[in-house]
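Just below is one structure, and these are the notes that go with it.
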Amino acid sequence: MSWLTERLATRMRERELTVDALARQLAVERSRLSAIIAGAALPNGNLTRRLARALGEDPNEWLAQTTRPAADAQTGEIPIGFVKVAAVAEIPDGEMKIVCDGQVVVANVKGRFHAFGNICPHGEGPLGEGFLDGLTVECPWHNGQWDITTGKGLTAFATADIRVFEVRVLDGDVEVKPTAAGASA
């Protein structure tokens with residue numbers, strides 16, 4: 001158990017806080033908070049400070065205790081060259097699938113596949129868990145929107161562009177080349 005998950009669990013137990021109650025207080029998704037408590041996800045710096053304040057603790061101590069890999073380190077886990085990520089049938093029209101260890105999203109829009117970065121540059125939300133409307137993806141956390149063909153931000157919460165990646169269909173499989181082909185966050 002990490003320092004963060006242990007501290008969260010202890011403080012929530014002491015204050016008799018449920019995940020639902022803390023999620024409502026912080027205005028974050030319950031699933032996101034549950035993943036953080038379970039140690040399956042790390043909060044960004046802003047959420048770490050908010051968690052500390054909500055539990056009556058020093059935000060600077062929490063930031064010092066929690067380490068997060070640099071954004072560049074995350075891209076090191078992405079394979080080089082085209083990589084098979086799904087069968088065409090696994091991603092129905094109008095749907096998205098998160099691939100490449102959570103770093104890339106593949107979307108099917110009217111039989112054409114598009115791939116883009118999964119991390120929202122505004123709040124580090126999971127774009128692949130957001131909403132797909134035609135060629136626009138919306139972050140589930142703050143409603144930032146991006147064009148999935150260019151990576152360009154379309155709203156005020158789209159504080160930077162997102163990466164887009166080359167995609168091809170080969171023998172019924174969707175393959176992604178996870179190197180920046182377009183905009184870079």
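Residue names in the structure tokens use chain letters A, B, ... in the order shown, residue numbers from 1 in each chain, and ligand numbers from 1 in the order shown.
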Using DSSP on the backbone, list every residue of region 17-135 of chain A that comes out as strand (DSSP E), and give them as a ChimeraX atom specification. /A:83-87,96-99,104-109,112-117,131-133
Mind dumping a table of every region 86-144 of chain A residue within 8 Å of region 24-48 of chain A, with the nearest atom pair and its distance in Å to one decimal, using only C-alpha atoms, sorted by chain and rising number, as CSV?
```
residue,atom,partner,partner_atom,distance
A:Gly123,CA,A:Asn44,CA,7.5
A:Glu124,CA,A:Asn44,CA,7.0
A:Trp141,CA,A:Val28,CA,7.4
```
Write out as a ChimeraX atom specification the residues lying within 6 Å of Lys152 (chain A), counting only C-alpha atoms and excluding same-chain residues fewer than 3 positions away. /A:146-147,161
Output the selection as an mmCIF file, in the first residue's frame - N, CA and C atoms for each residue.
```cif
data_model
loop_
_atom_site.group_PDB
_atom_site.id
_atom_site.type_symbol
_atom_site.label_atom_id
_atom_site.label_comp_id
_atom_site.auth_asym_id
_atom_site.auth_seq_id
_atom_site.Cartn_x
_atom_site.Cartn_y
_atom_site.Cartn_z
ATOM 1 N N TRP A 146 -11.912 18.156 -28.126
ATOM 2 C CA TRP A 146 -10.854 18.157 -29.128
ATOM 3 C C TRP A 146 -11.336 17.490 -30.400
ATOM 4 N N ASP A 147 -10.783 17.940 -31.517
ATOM 5 C CA ASP A 147 -10.994 17.293 -32.808
ATOM 6 C C ASP A 147 -10.056 16.094 -32.849
ATOM 7 N N ASP A 161 -3.398 21.198 -27.176
ATOM 8 C CA ASP A 161 -3.824 20.182 -28.121
ATOM 9 C C ASP A 161 -3.459 18.801 -27.592
#
```
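Among the candidate residues A:Gln65, A:Asn108, A:Thr179, A:Thr10, the one lying nearest to Met96 (chain A) is A:Asn108, with distances computed using only C-alpha atoms.
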Using only C-alpha atoms, find the one residue out of A:Gly56, A:Gly94, A:Gly144, A:Gly102 that sits nearest to Cys120 (chain A).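 Checking each candidate against Cys120 (chain A), we get A:Gly144 as the closest.
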Got a sec to tell me which of chain A DSSP assigns to helix (DSSP H, G or I), as a PyMOL selection string? chain A and resi 3-14+19-26+30-38+45-54+59-65+71-75+88-90+127-129
Write out as a ChimeraX atom specification the residues lying within 9 Å of Asn143 (chain A), counting only C-alpha atoms and excluding same-chain residues fewer than 5 positions away. /A:130,138,155,157-158
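Around region 112-115 of chain A, within 6 Å and counting only C-alpha atoms, the residues found are Val105, Val106, Val164 and Phe165 of chain A, once anything fewer than 6 positions away on its own chain is removed.
As for CA of Leu4 (chain A) and CA of Ala23 (chain A), they are spaced 16.0 Å apart.
By chain and then residue number, the residues within 10 Å of Val85 (chain A) are Phe82, Val88, Glu90, Lys97, Ile98, Val99, Cys100, Val104, Val105, Val106, Asp173, Val174, Glu175, Val176 and Lys177 of chain A, counting only C-alpha atoms and disregarding those fewer than 3 positions away in sequence.
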Got a sec: who's within 7 Å of Asp93 (chain A), counting only C-alpha atoms, leaving out chain neighbours fewer than 6 positions off, as a list in words?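 Final neighbour list, sorted by chain and number: Asn108, Val109, Lys110 and Gly111 of chain A.
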I need the chosen residues saved as a short mmCIF file (atom, residue, chain, number, x, y, z; two decimals), in the first residue's frame, with all heavy atoms.
```
data_model
loop_
_atom_site.label_atom_id
_atom_site.label_comp_id
_atom_site.auth_asym_id
_atom_site.auth_seq_id
_atom_site.Cartn_x
_atom_site.Cartn_y
_atom_site.Cartn_z
N ASN A 108 -13.92 4.68 -33.42
CA ASN A 108 -14.49 4.29 -34.71
C ASN A 108 -15.60 5.29 -35.03
O ASN A 108 -16.59 5.38 -34.32
CB ASN A 108 -15.06 2.87 -34.62
CG ASN A 108 -15.70 2.41 -35.92
OD1 ASN A 108 -15.95 3.19 -36.84
ND2 ASN A 108 -16.00 1.12 -35.99
N VAL A 109 -15.39 6.06 -36.10
CA VAL A 109 -16.40 7.03 -36.53
C VAL A 109 -16.80 6.66 -37.95
O VAL A 109 -16.01 6.84 -38.89
CB VAL A 109 -15.86 8.47 -36.47
CG1 VAL A 109 -16.93 9.46 -36.93
CG2 VAL A 109 -15.40 8.82 -35.06
N LYS A 110 -17.98 6.08 -38.08
CA LYS A 110 -18.53 5.67 -39.38
C LYS A 110 -17.57 4.77 -40.15
O LYS A 110 -17.35 4.93 -41.34
CB LYS A 110 -18.92 6.89 -40.20
CG LYS A 110 -20.01 7.72 -39.54
CD LYS A 110 -20.41 8.90 -40.36
CE LYS A 110 -21.48 9.68 -39.62
NZ LYS A 110 -21.86 10.90 -40.29
N GLY A 111 -16.96 3.81 -39.43
CA GLY A 111 -16.08 2.85 -40.07
C GLY A 111 -14.65 3.30 -40.25
O GLY A 111 -13.81 2.54 -40.71
#
```
From A:Ala54, A:Lys84, A:Ile91, A:Leu127, residue lying nearest Leu8 (chain A) [only C-alpha atoms]: A:Ala54
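With distances restricted to only C-alpha atoms, A:Arg7 is the closest residue to Leu55 (chain A) from A:Ala89, A:Gly81, A:Arg7, A:Ile148.
The coordinates place CA of Leu51 (chain A) at 8.7 Å from CA of Leu22 (chain A).
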